[in-house]
$ cat protein.csv   # CSV, C-alpha atoms
chain,number,residue,atom,x,y,z
A,995,MET,CA,134.2,120.3,177.5
A,996,ALA,CA,137.2,119.6,175.4
A,997,MET,CA,140.3,118.5,177.1
A,998,ARG,CA,143.4,120.6,176.7
A,999,GLU,CA,146.4,118.9,175.1
A,1000,SER,CA,148.5,119.9,178.1
A,1001,ILE,CA,146.7,117.5,180.4
A,1002,ARG,CA,147.4,114.4,178.3
A,1003,PRO,CA,149.3,112.0,180.5
A,1004,ALA,CA,152.9,111.6,179.6
A,1005,ASP,CA,152.6,107.8,179.8
A,1006,LEU,CA,149.3,107.5,177.9
A,1007,ASP,CA,150.7,105.5,175.0
A,1008,GLU,CA,152.6,103.2,177.4
A,1009,VAL,CA,149.4,102.6,179.4
A,1010,ARG,CA,147.3,102.0,176.3
A,1011,ASP,CA,149.8,99.4,175.0
A,1012,SER,CA,149.8,97.7,178.4
A,1013,TYR,CA,146.0,97.3,178.4
A,1014,ASP,CA,146.1,96.0,174.9
A,1015,ARG,CA,148.5,93.3,176.1
A,1016,VAL,CA,146.4,92.3,179.1
A,1017,ALA,CA,143.0,92.4,177.3
A,1018,ASP,CA,142.8,88.8,176.2
A,1019,ASN,CA,143.8,87.5,179.7
A,1020,TYR,CA,141.4,90.0,181.3
A,1021,VAL,CA,138.5,88.7,179.3
A,1022,GLU,CA,139.4,85.1,180.1
A,1023,LEU,CA,139.6,85.9,183.8
A,1024,ILE,CA,136.1,87.4,183.7
A,1025,ALA,CA,134.8,84.3,182.0
A,1026,THR,CA,136.5,81.8,184.3
A,1027,THR,CA,136.7,83.6,187.7
A,1028,GLY,CA,134.1,86.3,187.6
A,1029,LEU,CA,136.8,89.0,187.9
A,1030,GLY,CA,135.1,92.4,187.3
A,1031,ASP,CA,131.6,90.8,187.0
A,1032,ILE,CA,129.3,93.2,188.9
A,1033,ARG,CA,126.7,90.5,189.3
A,1034,ARG,CA,129.0,88.5,191.6
A,1035,GLN,CA,129.9,91.5,193.9
A,1036,PRO,CA,126.9,92.3,196.1
A,1037,TRP,CA,128.0,95.6,197.5
A,1038,PRO,CA,129.4,97.2,194.3
A,1039,LYS,CA,126.3,95.8,192.5
A,1040,ALA,CA,124.1,97.6,195.0
A,1041,CYS,CA,125.9,100.9,194.2
A,1042,MET,CA,125.5,100.3,190.5
A,1043,ASP,CA,121.8,99.5,190.9
A,1044,VAL,CA,121.2,102.8,192.8
A,1045,PHE,CA,123.1,104.7,190.2
A,1046,ALA,CA,121.2,103.0,187.4
A,1047,ASP,CA,117.8,103.9,189.0
A,1048,ALA,CA,118.9,107.5,189.5
A,1049,VAL,CA,120.0,108.1,185.9
A,1050,ALA,CA,117.9,105.8,183.8
A,1051,GLY,CA,115.3,108.5,182.9
A,1052,LEU,CA,117.6,111.4,182.6
A,1053,GLY,CA,119.5,110.6,179.4
A,1054,PRO,CA,122.6,108.8,178.2
A,1055,VAL,CA,125.4,107.5,180.4
A,1056,LEU,CA,129.0,107.1,179.5
A,1057,ASP,CA,131.1,104.3,181.0
A,1058,VAL,CA,134.7,105.8,180.9
A,1059,GLY,CA,137.3,103.1,180.8
A,1060,CYS,CA,134.8,100.4,180.1
A,1061,GLY,CA,137.3,97.6,179.4
A,1062,SER,CA,135.5,94.7,177.8
A,1063,GLY,CA,132.1,96.2,178.4
A,1064,THR,CA,130.8,94.1,181.3
A,1065,VAL,CA,129.5,97.0,183.4
A,1066,THR,CA,128.2,98.9,180.3
A,1067,ALA,CA,126.2,95.8,179.3
A,1068,TYR,CA,124.8,95.5,182.9
A,1069,LEU,CA,123.6,99.1,182.9
A,1070,ARG,CA,121.9,98.4,179.5
A,1071,GLU,CA,120.1,95.4,181.1
A,1072,ARG,CA,118.9,97.8,183.8
A,1073,GLY,CA,117.3,100.1,181.3
A,1074,VAL,CA,120.1,102.7,181.1
A,1075,ASP,CA,121.1,104.2,177.7
A,1076,ALA,CA,124.8,103.3,178.4
A,1077,SER,CA,127.7,103.3,176.0
A,1078,GLY,CA,131.4,102.8,176.7
A,1079,VAL,CA,134.8,104.2,175.9
A,1080,ASP,CA,138.3,102.8,176.6
A,1081,LEU,CA,141.8,103.8,175.6
A,1082,SER,CA,142.7,100.3,174.6
A,1083,PRO,CA,141.6,99.2,171.0
A,1084,ARG,CA,141.9,95.6,172.0
A,1085,MET,CA,139.6,96.0,175.0
A,1086,ILE,CA,137.1,97.7,172.7
A,1087,GLU,CA,137.3,94.8,170.2
A,1088,HIS,CA,136.3,92.4,173.0
A,1089,ALA,CA,133.5,94.7,174.2
A,1090,ARG,CA,132.0,94.9,170.7
A,1091,ARG,CA,132.2,91.2,170.2
A,1092,LEU,CA,130.8,90.3,173.7
A,1093,HIS,CA,128.1,93.0,173.9
A,1094,PRO,CA,127.0,93.9,170.3
A,1095,GLU,CA,123.9,95.6,171.8
A,1096,CYS,CA,126.0,98.4,173.2
A,1097,GLU,CA,128.0,101.2,171.5
A,1098,PHE,CA,131.8,101.4,172.2
A,1099,ALA,CA,134.5,103.7,171.0
A,1100,VAL,CA,138.3,104.0,171.5
A,1101,ARG,CA,139.0,107.1,173.6
A,1102,SER,CA,140.8,107.9,176.8
A,1103,ALA,CA,139.4,109.8,179.8
A,1104,THR,CA,141.5,112.9,178.7
A,1105,GLU,CA,140.3,112.9,175.1
A,1106,LEU,CA,136.5,112.8,175.4
A,1107,ASP,CA,135.5,116.2,174.1
A,1108,LEU,CA,132.1,115.9,175.8
A,1109,GLU,CA,129.3,118.3,175.1
A,1110,PRO,CA,128.0,120.4,178.0
A,1111,GLY,CA,124.9,119.1,179.6
A,1112,SER,CA,124.8,116.0,177.3
A,1113,LEU,CA,124.9,113.1,179.9
A,1114,ALA,CA,122.8,111.8,182.7
A,1115,GLY,CA,125.7,109.9,184.2
A,1116,VAL,CA,129.4,109.3,183.9
A,1117,LEU,CA,131.0,106.1,185.3
A,1118,GLY,CA,134.7,105.8,186.3
A,1119,TRP,CA,134.6,102.2,187.5
A,1120,TRP,CA,138.1,101.3,188.5
A,1121,SER,CA,139.3,103.1,185.4
A,1122,LEU,CA,140.7,106.4,186.6
A,1123,PHE,CA,143.5,105.2,188.9
A,1124,ASN,CA,146.1,105.5,186.2
A,1125,LEU,CA,145.5,109.2,185.9
A,1126,PRO,CA,148.3,111.3,187.5
A,1127,ARG,CA,147.2,113.4,190.5
A,1128,GLN,CA,147.5,116.7,188.7
A,1129,ILE,CA,145.2,115.4,185.9
A,1130,LEU,CA,142.3,113.7,187.7
A,1131,PRO,CA,140.8,117.0,188.9
A,1132,GLN,CA,140.5,118.3,185.4
A,1133,VAL,CA,138.9,115.1,184.2
A,1134,LEU,CA,136.4,115.3,187.0
A,1135,ALA,CA,135.6,118.9,186.1
A,1136,SER,CA,134.9,117.7,182.5
A,1137,PHE,CA,132.6,115.1,183.8
A,1138,ARG,CA,130.7,117.7,185.8
A,1139,GLU,CA,130.4,120.0,182.8
A,1140,ALA,CA,129.0,117.2,180.7
A,1141,LEU,CA,126.2,116.3,183.2
A,1142,VAL,CA,122.6,117.5,183.1
A,1143,PRO,CA,121.4,119.0,186.4
A,1144,GLY,CA,120.6,116.0,188.7
A,1145,GLY,CA,123.0,113.8,186.7
A,1146,GLN,CA,125.5,111.7,188.6
A,1147,VAL,CA,129.2,110.7,188.5
A,1148,MET,CA,130.3,107.4,190.2
A,1149,VAL,CA,133.9,106.6,190.7
A,1150,ALA,CA,135.4,103.4,192.2
A,1151,THR,CA,139.1,103.2,192.9
A,1152,HIS,CA,141.9,101.9,195.1
A,1153,VAL,CA,142.4,103.3,198.6
A,1154,GLY,CA,145.8,104.4,199.9
A,1155,ASP,CA,148.5,107.0,199.9
A,1156,HIS,CA,150.9,105.4,197.4
A,1157,GLU,CA,151.8,105.5,193.7
A,1158,VAL,CA,152.3,101.8,192.8
A,1159,ARG,CA,154.3,101.1,189.7
A,1160,ARG,CA,153.0,97.9,188.1
A,1161,THR,CA,155.2,95.7,185.9
A,1162,GLU,CA,152.9,92.7,185.4
A,1163,ALA,CA,149.1,92.1,185.8
A,1164,TYR,CA,146.3,89.7,185.0
A,1165,GLY,CA,148.3,86.4,185.0
A,1166,GLY,CA,151.8,87.7,184.7
A,1167,VAL,CA,151.4,89.8,181.5
A,1168,PRO,CA,154.1,92.5,181.3
A,1169,VAL,CA,152.7,96.0,181.8
A,1170,ALA,CA,154.0,99.5,182.5
A,1171,TRP,CA,151.6,101.7,184.5
A,1172,THR,CA,151.2,103.5,187.8
A,1173,THR,CA,148.3,102.9,190.1
A,1174,TYR,CA,147.5,106.2,192.0
A,1175,GLN,CA,145.8,105.4,195.2
A,1176,TRP,CA,143.5,107.9,196.9
A,1177,ARG,CA,142.1,108.4,200.4
A,1178,PRO,CA,138.3,108.6,200.3
A,1179,GLY,CA,138.3,112.1,201.8
A,1180,GLN,CA,140.8,113.3,199.2
A,1181,LEU,CA,138.7,112.0,196.3
A,1182,ALA,CA,135.6,113.6,197.8
A,1183,THR,CA,137.3,116.9,198.0
A,1184,LEU,CA,138.4,116.7,194.4
A,1185,MET,CA,134.8,116.0,193.4
A,1186,GLU,CA,133.5,119.0,195.4
A,1187,ARG,CA,136.1,121.3,193.9
A,1188,ALA,CA,135.0,120.1,190.5
A,1189,GLY,CA,131.5,121.4,191.3
A,1190,LEU,CA,129.9,118.1,192.3
A,1191,ARG,CA,128.1,117.3,195.5
A,1192,VAL,CA,129.0,113.9,197.1
A,1193,LEU,CA,125.9,111.8,197.7
A,1194,ALA,CA,127.3,108.5,199.0
A,1195,GLU,CA,130.5,106.7,199.9
A,1196,LEU,CA,131.1,103.0,200.2
A,1197,ARG,CA,134.3,101.6,201.6
A,1198,LEU,CA,135.3,98.0,201.3
A,1199,PRO,CA,138.2,96.4,203.1
A,1200,ALA,CA,141.1,94.5,201.4
A,1201,GLU,CA,140.1,91.0,200.2
A,1202,GLY,CA,142.6,88.5,198.8
A,1203,GLN,CA,145.1,90.3,196.5
A,1204,ILE,CA,142.9,93.3,196.1
A,1205,GLY,CA,143.5,96.2,198.6
A,1206,PRO,CA,140.8,98.4,200.1
A,1207,VAL,CA,138.6,100.2,197.7
A,1208,VAL,CA,136.1,103.1,197.7
A,1209,VAL,CA,133.0,103.9,195.6
A,1210,LEU,CA,131.9,107.5,195.6
A,1211,THR,CA,128.8,108.9,194.0
A,1212,ALA,CA,128.3,112.6,193.4
A,1213,THR,CA,125.7,114.8,191.6
A,1214,ARG,CA,125.6,118.1,189.7
A,1215,ASP,CA,123.0,120.2,191.4
A,1216,ALA,CA,120.8,122.6,189.4
A,1217,SER,CA,122.4,126.0,189.2
$ encode --input "protein.csv" --output "structure tokens"
Amino acid sequence: MAMRESIRPADLDEVRDSYDRVADNYVELIATTGLGDIRRQPWPKACMDVFADAVAGLGPVLDVGCGSGTVTAYLRERGVDASGVDLSPRMIEHARRLHPECEFAVRSATELDLEPGSLAGVLGWWSLFNLPRQILPQVLASFREALVPGGQVMVATHVGDHEVRRTEAYGGVPVAWTTYQWRPGQLATLMERAGLRVLAELRLPAEGQIGPVVVLTATRDAS
């Protein structure tokens, strides 16, 4: 399903530039602190393992907003035909260097041009929270259209009611992006309106500097 130009976020270039600036620090933090390393997060890892088991035999999986490719590579280790896309060219440079066994491309969630029924799974792992509220529903609808029957979408994001403007991240690097928080029920409703059926929901409380989060998994039922 091709995305219409009208849903391109107004701040997409600004957000892309911000992630290019933080990419080097982000990769260093993963290496030194385990930030974003699914292997060190037992509850998110459990969600990822269930997702991997469900989609492994159905076809390819796309990790949308893959960053430096940590989760994409984990899915490959689990036997999933996973590839990744990210709007940041610098993040993709790191992903290709760190995980040469995987395929990566520079693309944003609103510029995917996915073929209908071409994917077993789509992952939005803490990568969709920069999308404005009026755009996320259309992105989710494009994910649903791209799934085979029985395929799954899994989204992890920040819980809340606010739109938080960020000016620095990952060690004080200057950025310019907005974090759109969602209530779990709101996000589940968006998935259902996109034609998906919610299968599971995991909520985790705030820990350290990270606020509460939610992981939602949904499927495309056979028509």
$ closest_atom_pairs --input "protein.csv" --of "region 1117-1201 of chain A" --to "region 1207-1216 of chain A" --cutoff "8 Å" --atoms "all atoms listed in the file" --output "tab-separated table"
residue	atom	partner	partner_atom	distance
A:Arg1138	CA	A:Arg1214	CA	6.4
A:Leu1141	CA	A:Arg1214	CA	6.8
A:Val1142	CA	A:Arg1214	CA	7.3
A:Pro1143	CA	A:Ala1216	CA	4.7
A:Gly1144	CA	A:Arg1214	CA	5.5
A:Gly1145	CA	A:Thr1213	CA	5.7
A:Gln1146	CA	A:Thr1213	CA	4.3
A:Val1147	CA	A:Ala1212	CA	5.3
A:Met1148	CA	A:Thr1211	CA	4.4
A:Val1149	CA	A:Leu1210	CA	5.4
A:Ala1150	CA	A:Val1209	CA	4.2
A:Thr1151	CA	A:Val1208	CA	5.7
A:His1152	CA	A:Val1207	CA	4.5
A:Val1153	CA	A:Val1207	CA	5.0
A:Pro1178	CA	A:Val1208	CA	6.5
A:Ala1182	CA	A:Leu1210	CA	7.5
A:Met1185	CA	A:Ala1212	CA	7.3
A:Gly1189	CA	A:Arg1214	CA	6.9
A:Leu1190	CA	A:Arg1214	CA	5.0
A:Arg1191	CA	A:Ala1212	CA	5.2
A:Val1192	CA	A:Ala1212	CA	4.0
A:Leu1193	CA	A:Ala1212	CA	5.0
A:Ala1194	CA	A:Thr1211	CA	5.2
A:Glu1195	CA	A:Leu1210	CA	4.6
A:Leu1196	CA	A:Val1209	CA	5.1
A:Arg1197	CA	A:Val1208	CA	4.5
A:Leu1198	CA	A:Val1207	CA	5.4
A:Pro1199	CA	A:Val1207	CA	6.6
A:Ala1200	CA	A:Val1207	CA	7.2
$ axis_aligned_box --input "protein.csv" --around "region 1150-1169 of chain A" --padding-each-side "8 Å" --output "JSON"
{"center_x": 145.3, "center_y": 96.7, "center_z": 190.6, "size_x": 35.8, "size_y": 36.6, "size_z": 34.6}
$ residues_near_point --input "protein.csv" --point "(129.2, 93.8, 193.6)" --cutoff "12 Å" --atoms "all atoms listed in the file" --output "PDB file with C-alpha atoms, in the coordinates of the input"
ATOM      1  CA  GLY A1028     134.100  86.300 187.600  1.00  0.00           C
ATOM      2  CA  LEU A1029     136.800  89.000 187.900  1.00  0.00           C
ATOM      3  CA  GLY A1030     135.100  92.400 187.300  1.00  0.00           C
ATOM      4  CA  ASP A1031     131.600  90.800 187.000  1.00  0.00           C
ATOM      5  CA  ILE A1032     129.300  93.200 188.900  1.00  0.00           C
ATOM      6  CA  ARG A1033     126.700  90.500 189.300  1.00  0.00           C
ATOM      7  CA  ARG A1034     129.000  88.500 191.600  1.00  0.00           C
ATOM      8  CA  GLN A1035     129.900  91.500 193.900  1.00  0.00           C
ATOM      9  CA  PRO A1036     126.900  92.300 196.100  1.00  0.00           C
ATOM     10  CA  TRP A1037     128.000  95.600 197.500  1.00  0.00           C
ATOM     11  CA  PRO A1038     129.400  97.200 194.300  1.00  0.00           C
ATOM     12  CA  LYS A1039     126.300  95.800 192.500  1.00  0.00           C
ATOM     13  CA  ALA A1040     124.100  97.600 195.000  1.00  0.00           C
ATOM     14  CA  CYS A1041     125.900 100.900 194.200  1.00  0.00           C
ATOM     15  CA  MET A1042     125.500 100.300 190.500  1.00  0.00           C
ATOM     16  CA  ASP A1043     121.800  99.500 190.900  1.00  0.00           C
ATOM     17  CA  VAL A1065     129.500  97.000 183.400  1.00  0.00           C
ATOM     18  CA  TYR A1068     124.800  95.500 182.900  1.00  0.00           C
ATOM     19  CA  TRP A1119     134.600 102.200 187.500  1.00  0.00           C
ATOM     20  CA  ALA A1150     135.400 103.400 192.200  1.00  0.00           C
ATOM     21  CA  LEU A1196     131.100 103.000 200.200  1.00  0.00           C
ATOM     22  CA  LEU A1198     135.300  98.000 201.300  1.00  0.00           C
ATOM     23  CA  VAL A1209     133.000 103.900 195.600  1.00  0.00           C
TER      24      VAL A1209
END
$ atom_distance --input "protein.csv" --atom1 "CA of Trp1176 (chain A)" --atom2 "CA of Ala1114 (chain A)"
25.4 Å
$ closest_atom_pairs --input "protein.csv" --of "region 1096-1132 of chain A" --to "region 1001-1012 of chain A" --cutoff "10 Å" --atoms "all atoms listed in the file" --output "JSON lines"
{"residue": "A:Ser1102", "atom": "CA", "partner": "A:Leu1006", "partner_atom": "CA", "distance": 8.6}
{"residue": "A:Ala1103", "atom": "CA", "partner": "A:Arg1002", "partner_atom": "CA", "distance": 9.3}
{"residue": "A:Thr1104", "atom": "CA", "partner": "A:Arg1002", "partner_atom": "CA", "distance": 6.1}
{"residue": "A:Glu1105", "atom": "CA", "partner": "A:Arg1002", "partner_atom": "CA", "distance": 7.9}
{"residue": "A:Asn1124", "atom": "CA", "partner": "A:Val1009", "partner_atom": "CA", "distance": 8.1}
{"residue": "A:Leu1125", "atom": "CA", "partner": "A:Pro1003", "partner_atom": "CA", "distance": 7.2}
{"residue": "A:Pro1126", "atom": "CA", "partner": "A:Pro1003", "partner_atom": "CA", "distance": 7.1}
{"residue": "A:Gln1128", "atom": "CA", "partner": "A:Ile1001", "partner_atom": "CA", "distance": 8.4}
{"residue": "A:Ile1129", "atom": "CA", "partner": "A:Ile1001", "partner_atom": "CA", "distance": 6.1}
{"residue": "A:Leu1130", "atom": "CA", "partner": "A:Ile1001", "partner_atom": "CA", "distance": 9.3}
{"residue": "A:Gln1132", "atom": "CA", "partner": "A:Ile1001", "partner_atom": "CA", "distance": 8.0}
$ atom_distance --input "protein.csv" --atom1 "CA of Trp1171 (chain A)" --atom2 "CA of Val1158 (chain A)"
8.3 Å
$ atom_distance --input "protein.csv" --atom1 "CA of Pro1131 (chain A)" --atom2 "CA of Arg1015 (chain A)"
28.0 Å
$ closest_residue --input "protein.csv" --among "A:Ala1099, A:Val1079, A:Ala1163, A:Leu1117" --to "Gln1203 (chain A)" --atoms "all atoms listed in the file"
A:Ala1163
$ closest_residue --input "protein.csv" --among "A:Thr1066, A:Thr1161, A:Asn1019, A:Ser1082" --to "Val1116 (chain A)" --atoms "only C-alpha atoms"
A:Thr1066
$ closest_residue --input "protein.csv" --among "A:Tyr1020, A:Leu1069, A:Phe1098, A:Glu1157" --to "Val1044 (chain A)" --atoms "only C-alpha atoms"
A:Leu1069
$ residues_around --input "protein.csv" --residues "Pro1054 (chain A)" --least-positions-apart "6" --cutoff "8 Å" --atoms "only C-alpha atoms" --output "count of residues only"
8
$ closest_residue --input "protein.csv" --among "A:Arg1101, A:Arg1072, A:Arg1177, A:His1088" --to "Val1021 (chain A)" --atoms "all atoms listed in the file"
A:His1088
$ residues_around --input "protein.csv" --residues "Glu1162 (chain A)" --least-positions-apart "2" --cutoff "12 Å" --atoms "all atoms listed in the file" --output "PyMOL selection string"
chain A and resi 1012-1013+1015-1016+1019+1158-1160+1164-1172
$ closest_residue --input "protein.csv" --among "A:Gly1179, A:Gly1154, A:Pro1110, A:Gly1118" --to "Leu1056 (chain A)" --atoms "only C-alpha atoms"
A:Gly1118
